[in-house]
file structure.cif (mmCIF, C-alpha atoms)
data_start
loop_
_atom_site.label_atom_id
_atom_site.label_comp_id
_atom_site.auth_asym_id
_atom_site.auth_seq_id
_atom_site.Cartn_x
_atom_site.Cartn_y
_atom_site.Cartn_z
CA MET A 20 0.00 0.00 0.00
CA PRO A 21 1.42 3.46 -0.89
CA LEU A 22 2.54 5.58 2.02
CA ASP A 23 -0.01 8.29 1.23
CA ALA A 24 -2.95 5.85 0.98
CA PRO A 25 -5.73 6.75 3.44
CA LYS A 26 -6.13 4.43 6.39
CA LEU A 27 -9.22 2.22 6.23
CA ASN A 28 -11.53 1.83 9.20
CA SER A 29 -12.64 -1.61 10.43
CA LEU A 30 -15.46 -1.72 7.87
CA GLY A 31 -13.10 -0.94 5.00
CA PHE A 32 -13.85 2.74 4.38
CA ALA A 33 -11.29 5.52 4.12
CA LYS A 34 -12.95 7.81 6.65
CA PRO A 35 -13.52 7.97 10.39
CA PRO A 36 -16.14 5.65 11.93
CA SER A 37 -18.21 8.67 12.95
CA GLU A 38 -18.64 9.54 9.27
CA THR A 39 -19.50 5.96 8.29
CA ARG A 40 -23.16 5.03 8.51
CA VAL A 41 -23.96 1.33 8.91
CA VAL A 42 -27.40 -0.25 9.04
CA VAL A 43 -27.42 -3.31 11.29
CA ALA A 44 -30.08 -5.97 10.66
CA MET A 45 -31.20 -6.75 14.21
CA SER A 46 -33.23 -9.90 14.90
CA GLY A 47 -33.24 -9.36 18.66
CA GLY A 48 -30.85 -12.23 19.27
CA VAL A 49 -27.40 -12.06 20.79
CA ASP A 50 -25.49 -12.19 17.48
CA SER A 51 -26.92 -9.12 15.76
CA SER A 52 -27.13 -7.28 19.08
CA VAL A 53 -23.38 -7.76 19.58
CA VAL A 54 -22.70 -6.52 16.04
CA ALA A 55 -24.70 -3.34 16.68
CA ALA A 56 -23.15 -2.76 20.10
CA GLN A 57 -19.61 -3.39 18.84
CA LEU A 58 -19.98 -0.95 15.94
CA ALA A 59 -21.64 1.66 18.14
CA SER A 60 -18.79 1.35 20.66
CA GLU A 61 -16.27 1.90 17.85
CA GLY A 62 -17.99 5.20 17.04
CA TYR A 63 -19.85 4.26 13.86
CA ASP A 64 -23.10 5.98 12.88
CA VAL A 65 -25.26 2.91 13.59
CA VAL A 66 -28.91 2.54 12.58
CA GLY A 67 -30.67 -0.61 13.81
CA VAL A 68 -33.46 -2.14 11.73
CA THR A 69 -35.68 -5.05 12.76
CA LEU A 70 -38.09 -6.75 10.40
CA GLN A 71 -41.53 -7.87 11.50
CA LEU A 72 -41.96 -10.85 9.23
CA TYR A 73 -45.14 -12.54 10.36
CA ASP A 74 -48.18 -12.20 12.63
CA HIS A 75 -47.12 -10.43 15.79
CA GLY A 76 -49.79 -11.98 18.01
CA ALA A 77 -48.89 -15.53 17.03
CA ALA A 78 -45.22 -14.72 17.42
CA LEU A 79 -45.57 -13.70 21.05
CA ALA A 80 -46.57 -17.22 22.00
CA LYS A 81 -43.61 -18.73 20.16
CA LYS A 82 -40.21 -19.01 21.82
CA GLY A 83 -37.06 -20.04 20.01
CA ALA A 84 -37.77 -18.34 16.69
CA CYS A 85 -36.33 -15.12 15.29
CA CYS A 86 -38.24 -11.90 14.63
CA ALA A 87 -41.03 -12.64 17.11
CA GLY A 88 -42.60 -9.97 19.32
CA ILE A 89 -40.21 -10.41 22.24
CA ASP A 90 -37.28 -10.24 19.82
CA ILE A 91 -38.42 -6.87 18.48
CA HIS A 92 -38.58 -5.62 22.06
CA ASP A 93 -35.08 -6.96 22.78
CA ALA A 94 -33.62 -5.29 19.67
CA ARG A 95 -35.22 -1.97 20.58
CA ARG A 96 -33.83 -2.18 24.12
CA VAL A 97 -30.27 -2.81 22.87
CA ALA A 98 -30.56 0.27 20.65
CA GLU A 99 -31.78 2.39 23.56
CA GLU A 100 -28.99 1.21 25.84
CA MET A 101 -26.27 1.76 23.22
CA GLY A 102 -27.70 5.10 22.06
CA PHE A 103 -28.48 4.60 18.37
CA PRO A 104 -31.77 4.86 16.42
CA HIS A 105 -33.84 1.74 15.80
CA TYR A 106 -36.67 1.12 13.37
CA VAL A 107 -39.15 -1.74 13.00
CA LEU A 108 -40.28 -2.35 9.43
CA ASP A 109 -43.43 -4.30 8.59
CA TYR A 110 -42.29 -6.79 5.94
CA GLU A 111 -45.12 -9.24 6.58
CA ASN A 112 -46.59 -9.06 3.06
CA ILE A 113 -43.17 -9.18 1.41
CA PHE A 114 -42.18 -12.16 3.55
CA ARG A 115 -45.37 -14.06 2.73
CA ASP A 116 -45.05 -13.42 -1.01
CA ALA A 117 -41.30 -14.06 -1.24
CA VAL A 118 -40.80 -16.87 1.27
CA ILE A 119 -43.86 -18.47 2.87
CA ASP A 120 -45.92 -19.02 -0.28
CA GLU A 121 -43.02 -20.67 -2.10
CA PHE A 122 -42.29 -22.78 0.97
CA ALA A 123 -45.85 -24.11 0.89
CA GLU A 124 -45.82 -24.76 -2.86
CA SER A 125 -42.44 -26.50 -2.69
CA TYR A 126 -43.60 -28.78 0.09
CA LEU A 127 -46.79 -29.60 -1.79
CA GLY A 128 -44.60 -30.41 -4.79
CA GLY A 129 -42.70 -33.04 -2.80
CA ALA A 130 -39.59 -30.92 -2.25
CA THR A 131 -37.84 -30.10 1.03
CA PRO A 132 -37.37 -26.31 0.89
CA VAL A 133 -34.94 -24.15 2.87
CA PRO A 134 -36.88 -20.93 3.52
CA CYS A 135 -34.04 -19.31 5.50
CA ILE A 136 -32.00 -19.08 2.26
CA ARG A 137 -34.91 -17.48 0.41
CA CYS A 138 -35.39 -15.03 3.28
CA ASN A 139 -31.77 -13.92 3.08
CA GLU A 140 -31.91 -13.78 -0.72
CA ARG A 141 -35.28 -12.12 -1.27
CA VAL A 142 -35.92 -10.10 1.89
CA LYS A 143 -32.87 -9.31 4.01
CA PHE A 144 -30.30 -8.95 1.23
CA LYS A 145 -32.75 -7.42 -1.25
CA ASP A 146 -35.49 -5.25 0.23
CA LEU A 147 -33.71 -4.53 3.51
CA LEU A 148 -30.47 -3.83 1.70
CA GLU A 149 -32.30 -1.31 -0.51
CA THR A 150 -33.74 0.28 2.62
CA ALA A 151 -30.20 0.61 3.97
CA ARG A 152 -29.19 2.42 0.77
CA ASP A 153 -32.24 4.68 1.10
CA LEU A 154 -30.97 5.58 4.59
CA ASP A 155 -27.67 6.67 2.97
CA ALA A 156 -25.77 3.89 4.76
CA ASP A 157 -22.28 3.06 3.54
CA CYS A 158 -22.90 -0.63 4.25
CA MET A 159 -25.19 -3.11 6.00
CA ALA A 160 -23.96 -5.44 8.74
CA THR A 161 -25.54 -8.67 9.99
CA GLY A 162 -24.86 -11.20 12.73
CA HIS A 163 -24.28 -14.10 10.34
CA TYR A 164 -21.31 -16.38 10.96
CA ILE A 165 -19.50 -16.03 7.66
CA GLN A 166 -16.50 -14.02 6.49
CA ARG A 167 -16.08 -11.39 3.79
CA LYS A 168 -12.49 -11.06 2.59
CA MET A 169 -10.95 -8.91 -0.13
CA GLY A 170 -9.36 -10.87 -2.96
CA ALA A 171 -7.64 -9.96 -6.21
CA ALA A 172 -10.98 -9.57 -8.02
CA GLY A 173 -12.94 -7.97 -5.17
CA ALA A 174 -14.94 -9.09 -2.15
CA GLU A 175 -15.04 -12.86 -1.54
CA LEU A 176 -17.26 -15.01 0.68
CA HIS A 177 -15.50 -17.35 3.10
CA SER A 178 -16.62 -19.85 5.74
CA ALA A 179 -16.69 -18.71 9.36
CA ALA A 180 -13.65 -19.35 11.54
CA ASP A 181 -15.86 -21.52 13.78
CA ALA A 182 -17.00 -24.47 11.65
CA ASN A 183 -19.72 -25.28 14.18
CA ARG A 184 -21.36 -21.87 13.64
CA ASP A 185 -20.67 -21.48 9.92
CA GLN A 186 -23.74 -20.26 7.99
CA SER A 187 -22.30 -20.33 4.48
CA TYR A 188 -24.86 -22.92 3.32
CA PHE A 189 -27.62 -20.39 3.96
CA LEU A 190 -25.85 -17.52 2.21
CA PHE A 191 -24.67 -19.10 -1.05
CA SER A 192 -27.06 -16.97 -3.11
CA THR A 193 -25.46 -13.70 -1.99
CA THR A 194 -24.51 -11.89 -5.20
CA PRO A 195 -21.20 -10.09 -5.84
CA GLU A 196 -23.06 -6.76 -5.80
CA GLN A 197 -24.61 -7.54 -2.41
CA LEU A 198 -21.27 -8.76 -1.08
CA ASP A 199 -19.72 -5.39 -1.91
CA TYR A 200 -22.23 -3.75 0.45
CA LEU A 201 -22.49 -6.33 3.24
CA ARG A 202 -20.32 -6.79 6.33
CA PHE A 203 -20.20 -9.77 8.72
CA PRO A 204 -18.34 -8.69 11.88
CA LEU A 205 -18.73 -12.03 13.72
CA GLY A 206 -17.30 -14.37 11.09
CA HIS A 207 -13.76 -14.32 12.48
CA LEU A 208 -14.73 -15.20 16.07
CA PRO A 209 -13.53 -18.58 17.36
CA SER A 210 -16.81 -19.61 19.03
CA LYS A 211 -20.29 -18.58 20.14
CA ASP A 212 -18.85 -18.24 23.65
CA ALA A 213 -16.73 -15.38 22.31
CA THR A 214 -19.89 -13.66 21.05
CA ARG A 215 -21.61 -14.06 24.41
CA ALA A 216 -18.51 -12.72 26.14
CA LEU A 217 -18.75 -9.58 24.00
CA ALA A 218 -22.43 -9.26 24.87
CA ALA A 219 -21.53 -9.42 28.55
CA LYS A 220 -18.77 -6.86 28.01
CA PHE A 221 -21.29 -4.42 26.53
CA GLY A 222 -23.78 -5.17 29.30
CA LEU A 223 -26.43 -6.53 26.94
CA ARG A 224 -29.33 -8.28 28.63
CA VAL A 225 -29.56 -10.70 25.69
CA ALA A 226 -26.10 -12.11 26.52
CA ASP A 227 -27.56 -15.43 27.70
CA LYS A 228 -30.55 -15.51 25.36
CA PRO A 229 -30.95 -18.97 23.73
CA ASP A 230 -30.31 -19.35 20.01
CA SER A 231 -33.32 -19.61 17.71
CA GLN A 232 -33.74 -23.21 16.57
CA ASP A 233 -36.79 -23.44 14.33
CA ILE A 234 -37.77 -21.77 11.10
CA CYS A 235 -39.44 -18.63 12.41
CA PHE A 236 -42.91 -19.36 11.01
CA VAL A 237 -42.88 -23.11 11.72
CA PRO A 238 -43.84 -23.66 15.38
CA ASP A 239 -42.09 -26.64 16.96
CA GLY A 240 -40.77 -27.80 13.60
CA ASN A 241 -44.20 -29.08 12.54
CA TYR A 242 -43.99 -28.34 8.82
CA ALA A 243 -47.11 -30.30 7.91
CA ALA A 244 -49.31 -28.32 10.32
CA VAL A 245 -48.15 -25.05 8.77
CA ILE A 246 -48.78 -26.33 5.24
CA GLU A 247 -52.29 -27.46 6.16
CA LYS A 248 -52.98 -24.03 7.65
CA LEU A 249 -51.66 -22.25 4.55
CA ARG A 250 -53.24 -24.65 2.07
CA PRO A 251 -56.37 -26.24 3.62
CA GLY A 252 -57.10 -29.69 2.23
CA ALA A 253 -53.54 -30.10 0.96
CA ALA A 254 -52.93 -33.37 2.81
CA GLU A 255 -54.30 -35.85 0.27
CA PRO A 256 -54.14 -39.44 1.58
CA GLY A 257 -52.55 -42.11 -0.58
CA GLU A 258 -50.54 -45.30 -0.74
CA ILE A 259 -47.16 -46.18 0.70
CA VAL A 260 -45.53 -48.25 -2.04
CA HIS A 261 -42.32 -50.27 -2.03
CA ALA A 262 -39.89 -49.48 -4.84
CA ASP A 263 -40.61 -52.97 -6.20
CA GLY A 264 -44.30 -52.09 -6.61
CA ARG A 265 -45.83 -53.67 -3.50
CA VAL A 266 -48.44 -51.58 -1.68
CA LEU A 267 -47.44 -51.60 1.98
CA GLY A 268 -49.95 -49.25 3.55
CA ARG A 269 -51.68 -45.87 3.53
CA HIS A 270 -50.57 -42.39 4.49
CA ASN A 271 -52.38 -39.16 5.42
CA GLY A 272 -50.55 -36.88 2.99
CA VAL A 273 -47.23 -36.64 1.18
CA ILE A 274 -46.52 -33.42 3.09
CA HIS A 275 -45.88 -35.50 6.24
CA TYR A 276 -42.81 -37.18 4.69
CA THR A 277 -39.30 -36.23 3.59
CA ILE A 278 -36.66 -38.01 1.51
CA GLY A 279 -34.52 -40.23 3.73
CA GLN A 280 -37.13 -40.55 6.48
CA ARG A 281 -37.14 -43.87 8.30
CA ARG A 282 -39.23 -43.41 11.45
CA GLY A 283 -42.97 -42.89 11.60
CA LEU A 284 -43.80 -44.66 8.35
CA GLY A 285 -46.45 -46.84 9.97
CA ILE A 286 -45.40 -49.99 8.12
CA GLY A 287 -43.78 -52.09 10.86
CA GLY A 288 -43.26 -55.83 10.85
CA LEU A 289 -40.80 -55.88 7.95
CA ALA A 290 -37.46 -57.72 8.14
CA ASP A 291 -35.32 -54.83 6.80
CA PRO A 292 -35.62 -51.10 7.55
CA LEU A 293 -37.19 -49.01 4.80
CA TYR A 294 -36.65 -45.35 3.96
CA VAL A 295 -38.59 -42.78 1.95
CA VAL A 296 -36.77 -42.73 -1.39
CA LYS A 297 -39.25 -40.71 -3.49
CA LEU A 298 -42.38 -38.59 -3.09
CA ASP A 299 -44.77 -38.87 -6.03
CA VAL A 300 -47.08 -35.90 -5.61
CA ASP A 301 -49.03 -36.56 -8.82
CA THR A 302 -50.24 -39.96 -7.60
CA SER A 303 -50.11 -39.12 -3.86
CA ARG A 304 -47.67 -41.96 -3.34
CA VAL A 305 -44.84 -42.28 -0.85
CA ILE A 306 -42.20 -44.59 -2.33
CA VAL A 307 -40.06 -46.51 0.17
CA GLY A 308 -37.11 -48.83 -0.25
CA PRO A 309 -33.78 -50.02 1.19
CA LYS A 310 -31.12 -47.52 2.18
CA GLU A 311 -29.00 -48.10 -0.91
CA LEU A 312 -31.72 -46.54 -3.08
CA LEU A 313 -31.06 -43.24 -1.34
CA SER A 314 -27.54 -43.01 -2.79
CA THR A 315 -27.14 -40.28 -5.39
CA ARG A 316 -24.12 -39.43 -7.51
CA THR A 317 -25.51 -36.97 -10.10
CA ILE A 318 -27.43 -33.87 -9.04
CA PRO A 319 -29.11 -31.37 -11.40
CA VAL A 320 -29.02 -27.80 -10.04
CA ARG A 321 -30.56 -24.56 -11.27
CA GLU A 322 -30.73 -20.89 -10.23
CA VAL A 323 -26.96 -21.08 -9.90
CA ASN A 324 -25.27 -18.13 -8.18
CA TRP A 325 -21.59 -18.13 -9.09
CA LEU A 326 -19.03 -16.29 -6.96
CA GLY A 327 -15.85 -17.42 -8.69
CA ASP A 328 -13.52 -14.90 -10.35
CA ALA A 329 -13.84 -16.37 -13.87
CA PRO A 330 -17.28 -16.73 -15.54
CA PHE A 331 -19.15 -19.92 -14.62
CA THR A 332 -19.31 -21.17 -18.21
CA SER A 333 -15.65 -20.37 -18.97
CA GLN A 334 -14.71 -23.95 -18.02
CA ALA A 335 -16.32 -27.26 -18.93
CA GLU A 336 -15.66 -28.55 -15.41
CA TRP A 337 -15.01 -27.10 -11.98
CA HIS A 338 -13.39 -29.36 -9.41
CA VAL A 339 -14.74 -28.25 -6.04
CA SER A 340 -16.28 -29.51 -2.81
CA VAL A 341 -20.04 -29.31 -2.26
CA LYS A 342 -22.56 -29.47 0.56
CA VAL A 343 -25.99 -30.94 -0.18
CA ARG A 344 -27.30 -30.46 3.38
CA SER A 345 -26.44 -27.75 5.88
CA THR A 346 -25.36 -30.31 8.48
CA ARG A 347 -22.98 -32.25 6.23
CA PRO A 348 -19.32 -31.46 5.53
CA PRO A 349 -18.27 -30.50 1.99
CA ARG A 350 -17.49 -33.48 -0.24
CA PRO A 351 -15.40 -33.60 -3.47
CA ALA A 352 -17.42 -33.05 -6.65
CA VAL A 353 -17.24 -31.92 -10.26
CA ILE A 354 -19.55 -29.17 -11.53
CA ARG A 355 -20.38 -29.18 -15.24
CA PRO A 356 -22.11 -25.94 -16.29
CA VAL A 357 -25.06 -26.29 -18.64
CA SER A 358 -25.69 -22.54 -18.79
CA ASP A 359 -25.00 -19.51 -16.63
CA THR A 360 -27.70 -20.67 -14.19
CA GLU A 361 -27.86 -24.47 -14.60
CA ALA A 362 -25.39 -27.26 -14.00
CA GLU A 363 -24.93 -30.93 -13.32
CA VAL A 364 -22.99 -31.84 -10.19
CA GLU A 365 -21.23 -35.20 -9.98
CA LEU A 366 -20.40 -36.37 -6.46
CA LEU A 367 -17.16 -38.36 -6.36
CA THR A 368 -18.66 -40.31 -3.46
CA PRO A 369 -22.44 -40.93 -3.57
CA GLU A 370 -24.53 -39.17 -0.90
CA GLU A 371 -27.72 -40.41 0.71
CA GLY A 372 -30.94 -38.46 1.00
CA VAL A 373 -30.25 -35.77 -1.61
CA SER A 374 -33.58 -33.99 -1.87
CA PRO A 375 -35.10 -31.55 -4.38
CA GLY A 376 -35.61 -28.18 -2.74
CA GLN A 377 -32.33 -28.30 -0.83
CA ALA A 378 -29.28 -26.28 -1.84
CA CYS A 379 -26.04 -27.56 -3.32
CA VAL A 380 -23.32 -25.16 -2.19
CA TYR A 381 -19.88 -24.96 -3.81
CA TYR A 382 -16.61 -24.54 -1.89
CA GLU A 383 -12.99 -24.31 -2.92
CA SER A 384 -11.40 -27.74 -2.58
CA GLU A 385 -8.55 -26.18 -0.63
CA GLY A 386 -9.33 -23.19 1.53
CA SER A 387 -12.42 -21.53 2.95
CA ARG A 388 -13.88 -19.68 -0.02
CA ILE A 389 -17.51 -20.19 -1.07
CA LEU A 390 -17.91 -20.27 -4.85
CA GLY A 391 -21.71 -20.07 -4.89
CA GLY A 392 -24.28 -22.79 -5.36
CA GLY A 393 -27.63 -23.74 -6.82
CA TRP A 394 -30.95 -25.37 -5.99
CA ILE A 395 -31.35 -29.12 -6.33
CA TRP A 396 -34.23 -30.18 -8.54
CA ARG A 397 -35.47 -33.32 -10.24
CA GLY A 398 -34.17 -32.44 -13.69
CA HIS A 399 -36.05 -32.60 -16.94
#
call {"tool": "encode", "arguments": {"input": "structure.cif", "output": "C-alpha cells"}}
result
Amino acid sequence: MPLDAPKLNSLGFAKPPSETRVVVAMSGGVDSSVVAAQLASEGYDVVGVTLQLYDHGAALAKKGACCAGIDIHDARRVAEEMGFPHYVLDYENIFRDAVIDEFAESYLGGATPVPCIRCNERVKFKDLLETARDLDADCMATGHYIQRKMGAAGAELHSAADANRDQSYFLFSTTPEQLDYLRFPLGHLPSKDATRALAAKFGLRVADKPDSQDICFVPDGNYAAVIEKLRPGAAEPGEIVHADGRVLGRHNGVIHYTIGQRRGLGIGGLADPLYVVKLDVDTSRVIVGPKELLSTRTIPVREVNWLGDAPFTSQAEWHVSVKVRSTRPPRPAVIRPVSDTEAEVELLTPEEGVSPGQACVYYESEGSRILGGGWIWRGH
C-alpha cells in the first residue's frame, strides 16, 4: 500500500467511523445485538433495523424463533442502551409473497425447501439492503457467521472461523453486488462463547438468550401443520408403495414425509428397515425402499449463483467440494455448467438423502472460499 494511501476503518472505508453510517439488521438475538453494540462502541453511525416478518400476536406465543414480538422488544432495548436509532419495518406481506408461499408450494410439490435461504436472498439482502441504501448507509452489517475477505478480483465469501457456527450454506445466493455492500463482523470469532462474552462486556441483557432453533414461522418444527394451515385440504391421503411395486400401507398426505425418512412410516413388521426414497405428488404416493436406493451421484441444479472470479461457463468442469445439506461437511465433486444458471454436479462419493428443494453449495477444494451454489431439482 502506498505511504499516502488513506487508512481504512474496520469496515473498509477511508474515513472515520463517525462519518460511516452502517445499518445493522437486528433480529433481537445475541449475534446481531453484539454486532450493533460493537460498531456503536467503535464510534460508527449505527442505525438498527428489525423486520416484523409474520403475525405479531402468534409470534408472542412462540419461543425459540427469530423476529417474534419479544425479539423486536429486545432489539429496541439494545438500541436504547447503546444510544443509536432503531426502526421496525413491517415486511409481513413481502415475507409471505417471497418466502412463505413458495415454501408451501415447494412442500406440496414433494420438495424439502430451505426458507431461510430465500429469506436472506429475497428479503434481508434485497429489500432490507435497498432500505439501507435509502438511509444513505455506507454498508449493511448482519450477525451471520460467515466471512467477507478482499481478494484480487474484489470481495469474496469465506466460511466462518468456527466451523460449528458457519452459515455459508444459507448464504450461497449472496450476489457479488450484495457482497460489496455487506459486512459480517462475527465471522472471524472462534466460538459462540466469544460472542456471548462480548455481549456481557457491553452489558447486553440478551447475553444469555438462547439461540433460535426453528424456522421462524414453523412452530415446533411441525412443517405439515403449517402447510395445512396455509393450504387447507392439501394433505391428500394415498398409498405407501415399495420401490418394487408392492403396496405396503396408507398415508395421510405426502406433506408428512421427507426423503430419507425412516421413522414414523407406519409400516412395521418388515425384516429390513425401509426409507422414503421418493415422493410422487401426482399420484399421492410415498415410495419406500432399502437404504442403498437413497444413494445419489448426479445432481441437477438450477438458479446457480456463481461467486468465482472467472465466468461460470468459462470452463467445462469445476473441481470443487459441495454441501448438499447444511449439516454435512463439503465433499469432493465436479460441476459441469449447462448454462450460466444451470449445472450438473457429480459427487465423487455418492450421498444419501439428496432432496429436491435443498441447496447444493460450492466450496474451494482447498481453503475456505464459497464459490456459490444452486438449488437441487429433479431435472427434466
call {"tool": "atom_distance", "arguments": {"input": "structure.cif", "atom1": "atom CA of Ala253 of chain A", "atom2": "atom CA of Ser125 of chain A"}}
result
12.2 Å
call {"tool": "closest_residue", "arguments": {"input": "structure.cif", "among": "A:Leu293, A:Ile113, A:Val49, A:Ala172", "to": "Gly327 of chain A", "atoms": "only C-alpha atoms"}}
result
A:Ala172
call {"tool": "closest_residue", "arguments": {"input": "structure.cif", "among": "A:Thr360, A:Thr277, A:Ser303, A:Ser178", "to": "Tyr382 of chain A", "atoms": "all atoms listed in the file"}}
result
A:Ser178
call {"tool": "residues_around", "arguments": {"input": "structure.cif", "residues": "Ser333 of chain A", "least_positions_apart": "5", "cutoff": "12 Å", "atoms": "all atoms listed in the file", "output": "list of chain:residue names"}}
result
A:Trp325, A:Gly327, A:Asp328, A:Arg355, A:Pro356, A:Val357, A:Ser358, A:Asp359
call {"tool": "closest_atom_pairs", "arguments": {"input": "structure.cif", "of": "segment 164-255 of chain A", "to": "segment 23-34 of chain A", "cutoff": "10 Å", "atoms": "only C-alpha atoms", "output": "Markdown table"}}
result
| residue | atom | partner | partner_atom | distance |
| --- | --- | --- | --- | --- |
| A:Met169 | CA | A:Gly31 | CA | 9.7 |
| A:Leu201 | CA | A:Leu30 | CA | 9.6 |
| A:Arg202 | CA | A:Leu30 | CA | 7.2 |
| A:Phe203 | CA | A:Leu30 | CA | 9.4 |
| A:Pro204 | CA | A:Leu30 | CA | 8.5 |
call {"tool": "atom_distance", "arguments": {"input": "structure.cif", "atom1": "atom CA of Gly102 of chain A", "atom2": "atom CA of Gln232 of chain A"}}
result
29.5 Å
call {"tool": "closest_residue", "arguments": {"input": "structure.cif", "among": "A:Lys228, A:Arg388, A:Arg304, A:Arg282", "to": "Ala254 of chain A", "atoms": "all atoms listed in the file"}}
result
A:Arg304
